[in-house]
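*Asks:* Dropping in structure.cif, with mmCIF, C-alpha atoms.
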```cif
data_final
#
loop_
_atom_site.group_PDB
_atom_site.id
_atom_site.type_symbol
_atom_site.label_atom_id
_atom_site.label_comp_id
_atom_site.auth_asym_id
_atom_site.auth_seq_id
_atom_site.Cartn_x
_atom_site.Cartn_y
_atom_site.Cartn_z
ATOM 1 C CA MET A 1 10.103 -29.816 -11.098
ATOM 2 C CA ARG A 2 7.561 -29.394 -8.308
ATOM 3 C CA PHE A 3 4.748 -26.942 -8.993
ATOM 4 C CA ASN A 4 4.645 -24.087 -6.482
ATOM 5 C CA ALA A 5 1.080 -22.770 -6.305
ATOM 6 C CA LYS A 6 1.992 -19.786 -4.110
ATOM 7 C CA LEU A 7 4.770 -18.688 -6.437
ATOM 8 C CA ALA A 8 2.553 -19.115 -9.496
ATOM 9 C CA GLY A 9 -0.288 -17.168 -7.877
ATOM 10 C CA GLY A 10 2.067 -14.381 -6.879
ATOM 11 C CA ALA A 11 3.504 -14.185 -10.381
ATOM 12 C CA ILE A 12 0.039 -14.007 -11.943
ATOM 13 C CA ALA A 13 -1.036 -11.263 -9.522
ATOM 14 C CA ALA A 14 2.187 -9.327 -10.110
ATOM 15 C CA VAL A 15 1.555 -9.324 -13.867
ATOM 16 C CA ALA A 16 -2.228 -8.993 -13.923
ATOM 17 C CA SER A 17 -2.601 -6.185 -11.385
ATOM 18 C CA PRO A 18 -0.434 -3.610 -13.237
ATOM 19 C CA VAL A 19 -2.169 -4.494 -16.506
ATOM 20 C CA ALA A 20 -5.554 -4.017 -14.829
ATOM 21 C CA GLY A 21 -4.303 -0.719 -13.418
ATOM 22 C CA VAL A 22 -3.347 0.571 -16.862
ATOM 23 C CA LEU A 23 -6.748 -0.426 -18.237
ATOM 24 C CA LEU A 24 -8.983 0.679 -15.358
ATOM 25 C CA VAL A 25 -7.302 3.371 -13.263
ATOM 26 C CA GLY A 26 -8.026 7.039 -13.906
ATOM 27 C CA PRO A 27 -5.838 9.054 -11.510
ATOM 28 C CA ALA A 28 -7.461 11.893 -9.564
ATOM 29 C CA ILE A 29 -6.054 15.395 -9.250
ATOM 30 C CA ASP A 30 -3.933 14.572 -6.172
ATOM 31 C CA PRO A 31 -1.777 11.834 -7.773
ATOM 32 C CA LEU A 32 -1.599 13.759 -11.041
ATOM 33 C CA THR A 33 -0.309 16.801 -9.179
ATOM 34 C CA SER A 34 2.254 14.653 -7.384
ATOM 35 C CA LEU A 35 3.298 13.315 -10.776
ATOM 36 C CA ALA A 36 3.710 16.877 -12.065
ATOM 37 C CA TRP A 37 5.815 17.789 -9.034
ATOM 38 C CA GLY A 38 7.864 14.641 -9.511
ATOM 39 C CA SER A 39 8.477 15.533 -13.143
ATOM 40 C CA VAL A 40 9.769 18.949 -12.102
ATOM 41 C CA ILE A 41 12.123 17.361 -9.571
ATOM 42 C CA ALA A 42 13.281 14.745 -12.084
ATOM 43 C CA HIS A 43 14.355 17.585 -14.372
ATOM 44 C CA GLY A 44 16.405 19.189 -11.603
ATOM 45 C CA SER A 45 14.047 21.993 -10.591
ATOM 46 C CA THR A 46 12.125 22.828 -7.433
ATOM 47 C CA PRO A 47 8.342 22.404 -7.635
ATOM 48 C CA GLN A 48 5.829 24.906 -6.297
ATOM 49 C CA LEU A 49 4.143 22.989 -3.494
ATOM 50 C CA GLN A 50 2.030 25.776 -2.029
ATOM 51 C CA GLY A 51 -0.888 27.495 -3.694
ATOM 52 C CA PRO A 52 -4.601 28.176 -3.287
ATOM 53 C CA ALA A 53 -5.668 25.523 -5.813
ATOM 54 C CA LEU A 54 -2.983 22.912 -5.092
ATOM 55 C CA PRO A 55 -3.682 19.711 -3.128
ATOM 56 C CA LEU A 56 -1.760 18.757 -0.029
ATOM 57 C CA HIS A 57 1.580 17.149 -0.726
ATOM 58 C CA HIS A 58 2.994 13.921 0.675
ATOM 59 C CA PRO A 59 6.776 13.312 0.604
ATOM 60 C CA LEU A 60 6.456 9.600 -0.161
ATOM 61 C CA SER A 61 4.085 10.083 -3.101
ATOM 62 C CA ILE A 62 6.249 12.859 -4.537
ATOM 63 C CA GLY A 63 9.343 10.696 -4.168
ATOM 64 C CA VAL A 64 7.700 7.812 -6.007
ATOM 65 C CA ALA A 65 6.371 10.198 -8.648
ATOM 66 C CA THR A 66 9.887 11.509 -9.187
ATOM 67 C CA LEU A 67 11.152 8.010 -9.935
ATOM 68 C CA LEU A 68 8.220 7.345 -12.258
ATOM 69 C CA SER A 69 8.915 10.584 -14.137
ATOM 70 C CA VAL A 70 12.453 9.668 -15.155
ATOM 71 C CA PRO A 71 11.405 7.897 -18.417
ATOM 72 C CA GLY A 72 9.215 10.850 -19.450
ATOM 73 C CA PRO A 73 5.653 12.125 -18.905
ATOM 74 C CA ASP A 74 3.851 9.555 -21.054
ATOM 75 C CA ALA A 75 5.631 6.608 -19.486
ATOM 76 C CA ALA A 76 5.159 8.138 -16.027
ATOM 77 C CA TYR A 77 1.391 8.282 -16.504
ATOM 78 C CA LEU A 78 1.262 4.624 -17.540
ATOM 79 C CA LEU A 79 3.534 3.609 -14.672
ATOM 80 C CA LEU A 80 1.357 5.501 -12.194
ATOM 81 C CA ARG A 81 -1.721 3.604 -13.317
ATOM 82 C CA ALA A 82 0.140 0.274 -13.259
ATOM 83 C CA LEU A 83 1.440 1.024 -9.764
ATOM 84 C CA ALA A 84 -2.083 1.857 -8.584
ATOM 85 C CA GLY A 85 -3.270 -1.576 -9.691
ATOM 86 C CA LEU A 86 -0.333 -3.266 -7.998
ATOM 87 C CA LEU A 87 -0.898 -1.393 -4.724
ATOM 88 C CA PHE A 88 -4.615 -2.183 -4.771
ATOM 89 C CA ILE A 89 -3.955 -5.925 -5.020
ATOM 90 C CA GLY A 90 -1.107 -5.535 -2.531
ATOM 91 C CA LEU A 91 -3.565 -4.172 0.030
ATOM 92 C CA GLY A 92 -5.703 -7.251 -0.426
ATOM 93 C CA CYS A 93 -2.654 -9.483 0.044
ATOM 94 C CA ALA A 94 -1.717 -7.630 3.236
ATOM 95 C CA VAL A 95 -5.224 -8.121 4.646
ATOM 96 C CA PHE A 96 -5.004 -11.796 3.691
ATOM 97 C CA ARG A 97 -1.716 -12.197 5.558
ATOM 98 C CA LEU A 98 -2.959 -10.345 8.631
ATOM 99 C CA THR A 99 -6.196 -12.334 8.863
ATOM 100 C CA ARG A 100 -4.378 -15.632 8.401
ATOM 101 C CA ALA A 101 -1.791 -14.763 11.051
ATOM 102 C CA LEU A 102 -4.326 -13.573 13.615
ATOM 103 C CA LEU A 103 -6.578 -16.599 13.275
ATOM 104 C CA GLY A 104 -3.853 -19.229 13.396
ATOM 105 C CA GLY A 105 -5.213 -22.753 13.795
ATOM 106 C CA THR A 106 -5.808 -24.851 10.689
ATOM 107 C CA ALA A 107 -3.909 -23.468 7.712
ATOM 108 C CA THR A 108 -6.751 -24.127 5.294
ATOM 109 C CA VAL A 109 -9.344 -22.373 7.465
ATOM 110 C CA ALA A 110 -7.046 -19.409 8.143
ATOM 111 C CA ALA A 111 -6.227 -19.042 4.445
ATOM 112 C CA GLY A 112 -9.910 -19.233 3.539
ATOM 113 C CA ALA A 113 -10.788 -16.580 6.085
ATOM 114 C CA GLY A 114 -7.949 -14.402 4.792
ATOM 115 C CA ALA A 115 -9.214 -14.713 1.234
ATOM 116 C CA VAL A 116 -12.747 -13.762 2.314
ATOM 117 C CA ALA A 117 -11.442 -10.759 4.269
ATOM 118 C CA ALA A 118 -9.346 -9.565 1.324
ATOM 119 C CA LEU A 119 -12.242 -9.968 -1.111
ATOM 120 C CA PHE A 120 -14.594 -8.159 1.239
ATOM 121 C CA LEU A 121 -12.208 -5.229 1.611
ATOM 122 C CA LEU A 122 -11.381 -4.842 -2.073
ATOM 123 C CA THR A 123 -15.058 -4.842 -3.067
ATOM 124 C CA ARG A 124 -16.018 -2.016 -0.701
ATOM 125 C CA PRO A 125 -17.009 1.103 -2.708
ATOM 126 C CA PRO A 126 -14.649 3.520 -0.878
ATOM 127 C CA ILE A 127 -11.663 1.203 -1.386
ATOM 128 C CA GLU A 128 -12.560 0.683 -5.033
ATOM 129 C CA PHE A 129 -12.870 4.436 -5.518
ATOM 130 C CA PHE A 130 -9.512 5.177 -3.904
ATOM 131 C CA GLY A 131 -7.858 2.390 -5.884
ATOM 132 C CA LEU A 132 -9.308 3.433 -9.240
ATOM 133 C CA ARG A 133 -8.268 7.039 -8.603
ATOM 134 C CA SER A 134 -4.747 6.137 -7.457
ATOM 135 C CA MET A 135 -5.239 7.934 -4.144
ATOM 136 C CA ILE A 136 -2.637 7.999 -1.374
ATOM 137 C CA ASP A 137 -5.089 6.259 0.983
ATOM 138 C CA VAL A 138 -4.434 2.849 -0.613
ATOM 139 C CA PRO A 139 -0.634 2.735 -0.181
ATOM 140 C CA PHE A 140 -1.079 4.251 3.279
ATOM 141 C CA ALA A 141 -3.423 1.447 4.313
ATOM 142 C CA LEU A 142 -1.135 -1.112 2.663
ATOM 143 C CA LEU A 143 1.881 0.019 4.685
ATOM 144 C CA VAL A 144 -0.007 0.003 7.992
ATOM 145 C CA VAL A 145 -1.764 -3.347 7.475
ATOM 146 C CA LEU A 146 1.417 -4.994 6.199
ATOM 147 C CA ALA A 147 3.347 -3.733 9.234
ATOM 148 C CA VAL A 148 0.827 -5.292 11.612
ATOM 149 C CA ALA A 149 0.760 -8.489 9.549
ATOM 150 C CA LEU A 150 4.538 -8.863 9.763
ATOM 151 C CA VAL A 151 4.430 -8.549 13.530
ATOM 152 C CA ALA A 152 1.503 -10.970 13.778
ATOM 153 C CA GLU A 153 3.383 -13.556 11.725
ATOM 154 C CA ARG A 154 6.757 -13.328 13.482
ATOM 155 C CA PRO A 155 6.735 -10.867 16.406
ATOM 156 C CA ALA A 156 10.415 -11.186 17.309
ATOM 157 C CA ARG A 157 11.895 -11.174 13.815
ATOM 158 C CA ARG A 158 13.197 -7.977 12.215
ATOM 159 C CA PRO A 159 11.288 -5.481 14.421
ATOM 160 C CA TRP A 160 12.763 -2.613 12.422
ATOM 161 C CA LEU A 161 10.847 -3.635 9.292
ATOM 162 C CA PRO A 162 7.262 -2.953 10.488
ATOM 163 C CA LEU A 163 8.445 0.207 12.212
ATOM 164 C CA SER A 164 9.994 1.350 8.935
ATOM 165 C CA LEU A 165 6.709 0.728 7.131
ATOM 166 C CA LEU A 166 4.814 2.741 9.741
ATOM 167 C CA ALA A 167 7.370 5.534 9.521
ATOM 168 C CA ALA A 168 6.958 5.676 5.734
ATOM 169 C CA ALA A 169 3.169 5.822 6.092
ATOM 170 C CA GLY A 170 3.455 8.521 8.753
ATOM 171 C CA LEU A 171 5.677 10.945 6.872
ATOM 172 C CA PRO A 172 4.346 14.515 7.247
ATOM 173 C CA GLY A 173 1.628 15.100 4.718
ATOM 174 C CA PRO A 174 -2.107 14.809 4.141
ATOM 175 C CA ARG A 175 -4.616 12.663 5.906
ATOM 176 C CA PRO A 176 -4.338 10.422 7.737
ATOM 177 C CA GLY A 177 -0.570 10.771 8.125
ATOM 178 C CA PRO A 178 -0.321 11.884 11.769
ATOM 179 C CA TRP A 179 -1.615 8.676 13.346
ATOM 180 C CA PRO A 180 0.566 5.752 12.164
ATOM 181 C CA PRO A 181 3.482 6.420 14.587
ATOM 182 C CA PRO A 182 1.228 6.181 17.694
ATOM 183 C CA THR A 183 0.050 2.786 16.432
ATOM 184 C CA ALA A 184 3.577 1.386 16.547
ATOM 185 C CA PRO A 185 3.456 0.223 20.214
ATOM 186 C CA GLY A 186 0.105 -1.453 19.589
ATOM 187 C CA CYS A 187 1.543 -3.126 16.527
ATOM 188 C CA PHE A 188 3.883 -5.124 18.742
ATOM 189 C CA CYS A 189 1.024 -6.246 21.002
ATOM 190 C CA VAL A 190 -0.230 -8.551 18.247
ATOM 191 C CA GLU A 191 0.665 -12.202 18.200
ATOM 192 C CA PRO A 192 -0.486 -15.192 16.141
ATOM 193 C CA GLY A 193 -3.834 -16.537 17.224
ATOM 194 C CA GLY A 194 -5.124 -13.282 18.672
ATOM 195 C CA VAL A 195 -4.281 -9.964 20.257
ATOM 196 C CA ARG A 196 -2.222 -9.885 23.432
ATOM 197 C CA ARG A 197 -3.248 -7.283 25.975
ATOM 198 C CA ARG A 198 -0.581 -5.423 27.816
ATOM 199 C CA ALA A 199 -0.933 -3.256 30.864
#
```
The structure in this file should be written as structure tokens.

*Replies:*
Amino acid sequence: MRFNAKLAGGAIAAVASPVAGVLLVGPAIDPLTSLAWGSVIAHGSTPQLQGPALPLHHPLSIGVATLLSVPGPDAAYLLLRALAGLLFIGLGCAVFRLTRALLGGTATVAAGAGAVAALFLLTRPPIEFFGLRSMIDVPFALLVVLAVALVAERPARRPWLPLSLLAAAGLPGPRPGPWPPPTAPGCFCVEPGGVRRRA
């Protein structure tokens, strides 16, 4: 059987990142509140979303929190931390794919540049902070970067997929939700090897 390095690397990342999330992530008040709201919904009740001391709510995070809350509060907390680790590494993978697609040229050089870009991003203090606190900013950035990467890789294939990712990121909610939809036209101005300018 032929060894597939990409598949093996993906499998290792898929296992290691949730484990790292459980060990390292300490969710902030925003994701914990979303988890509490999700638990209420999972039990068939309506959560109280408005209040002087409550954070802003995001439909996507509450929906995910509802699914995580089905097994119970203890399992939901562990799953939230595991998901935070997975999303953090996923953001790095999305940056890798986007950089590789935009550069084009030699596959080895493009992959090396993508790896450097991903490592640079994931080691920035703000990104580390958001990732270790399971903040909504990380999945938001993941959805937007992945949408652009998909278009950069294959502009004419499945145009609904990147638009769906941008729509999910732009659901009404907290920062910086309002601006992904306006980026959709620009998303389709990207092509492998560079950015195409349109009048």

*Asks:* Taking the file as shown, what set of residues would the PyMOL selection byres ((chain A and resi 130) around 12) give back, as a PyMOL selection string?

*Replies:* chain A and resi 25-28+30-31+84-85+87-88+91+122-129+131-141

*Asks:* If I take CA of Ala82 (chain A) and CA of Ser61 (chain A), how far is one from the other in Å, to one decimal?

*Replies:*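 Those two atoms sit 14.7 Å apart.
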
*Asks:* For Ala16 (chain A), which residue among A:Gly170, A:Gly38, A:Pro162, A:Gly90 is the nearest when counting all atoms listed in the file?

*Replies:*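 Checking each of A:Gly170, A:Gly38, A:Pro162, A:Gly90 against Ala16 (chain A), counting all atoms listed in the file, the winner is A:Gly90.
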
*Asks:* Report, in Å with one decimal, the straight-line distance from CA of Val70 (chain A) to CA of Ala36 (chain A).

*Replies:*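 Separating CA of Val70 (chain A) from CA of Ala36 (chain A) is a distance of 11.7 Å.
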
*Asks:* Using only C-alpha atoms, determine which residues lie at most 7 Å from Val144 (chain A), disregarding the query and same-chain residues fewer than 3 positions distant; provide the list as an mmCIF file with C-alpha atoms, in the frame of the given file.

*Replies:*
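Wrote it out as out-v2.cif, contents follow:
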```cif
data_model
loop_
_atom_site.group_PDB
_atom_site.id
_atom_site.type_symbol
_atom_site.label_atom_id
_atom_site.label_comp_id
_atom_site.auth_asym_id
_atom_site.auth_seq_id
_atom_site.Cartn_x
_atom_site.Cartn_y
_atom_site.Cartn_z
ATOM 1 C CA PHE A 140 -1.079 4.251 3.279
ATOM 2 C CA ALA A 141 -3.423 1.447 4.313
ATOM 3 C CA ALA A 147 3.347 -3.733 9.234
ATOM 4 C CA VAL A 148 0.827 -5.292 11.612
ATOM 5 C CA LEU A 165 6.709 0.728 7.131
ATOM 6 C CA LEU A 166 4.814 2.741 9.741
ATOM 7 C CA ALA A 169 3.169 5.822 6.092
#
```

*Asks:* I'd like to know which of A:Ala115, A:Gly72, A:His57, A:Trp37 is closest to Arg100 (chain A), using all atoms listed in the file.

*Replies:*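 Counting all atoms listed in the file, the residue closest to Arg100 (chain A) is A:Ala115.
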
*Asks:* Taking all atoms of region 106-111 of chain A that the file lists, what box with edges along x, y and z, padded by 3 Å per side, do you get, with centre and edge lengths in Å to one decimal, as AutoDock Vina command-line options?

*Replies:*
```
--center_x -6.6 --center_y -21.9 --center_z 7.6 --size_x 11.4 --size_y 11.8 --size_z 12.2
```

*Asks:* Mind checking which residues fall within 7 Å of Ser69 (chain A), counting all atoms listed in the file, ignoring those fewer than 6 positions away in the same chain, and posting them as number ranges by chain?

*Replies:* A: 38-39, 42, 76

*Asks:* Leaving out Ala117 (chain A) and any residue of its chain fewer than 6 positions from it, which residues lie within 10 Å of it when counting only C-alpha atoms, given as a list in words?

*Replies:*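 Skipping anything fewer than 6 positions along the chain leaves Gly92, Cys93, Val95, Phe96, Arg97, Leu98, Thr99, Arg100 and Ala111 of chain A.
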
*Asks:* Can you measure CA of Leu150 (chain A) to CA of Leu121 (chain A) for me? One decimal in Å is fine.

*Replies:* 19.0 Å

*Asks:* Pick the closest to Leu143 (chain A) from A:Pro18, A:Leu60, A:Leu102, A:Leu68: which is it, counting all atoms listed in the file?

*Replies:*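 That would be A:Leu60, the residue with the smallest distance to Leu143 (chain A).
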
*Asks:* Closest to Ile62 (chain A) among A:Leu86, A:Ile41, A:Val22, A:Leu146, using all atoms listed in the file?

*Replies:* A:Ile41

*Asks:* For Leu32 (chain A), which of A:Leu103, A:Ala65, A:Leu163, A:Thr46 is the closest residue, counting only C-alpha atoms?

*Replies:* A:Ala65

*Asks:* Of the candidates A:Asp74, A:Leu79, A:Pro59, A:Ser17, which shows the shortest atom-to-atom distance to Ala167 (chain A), using all atoms listed in the file?

*Replies:*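 Of all the options, A:Pro59 lies closest to Ala167 (chain A).
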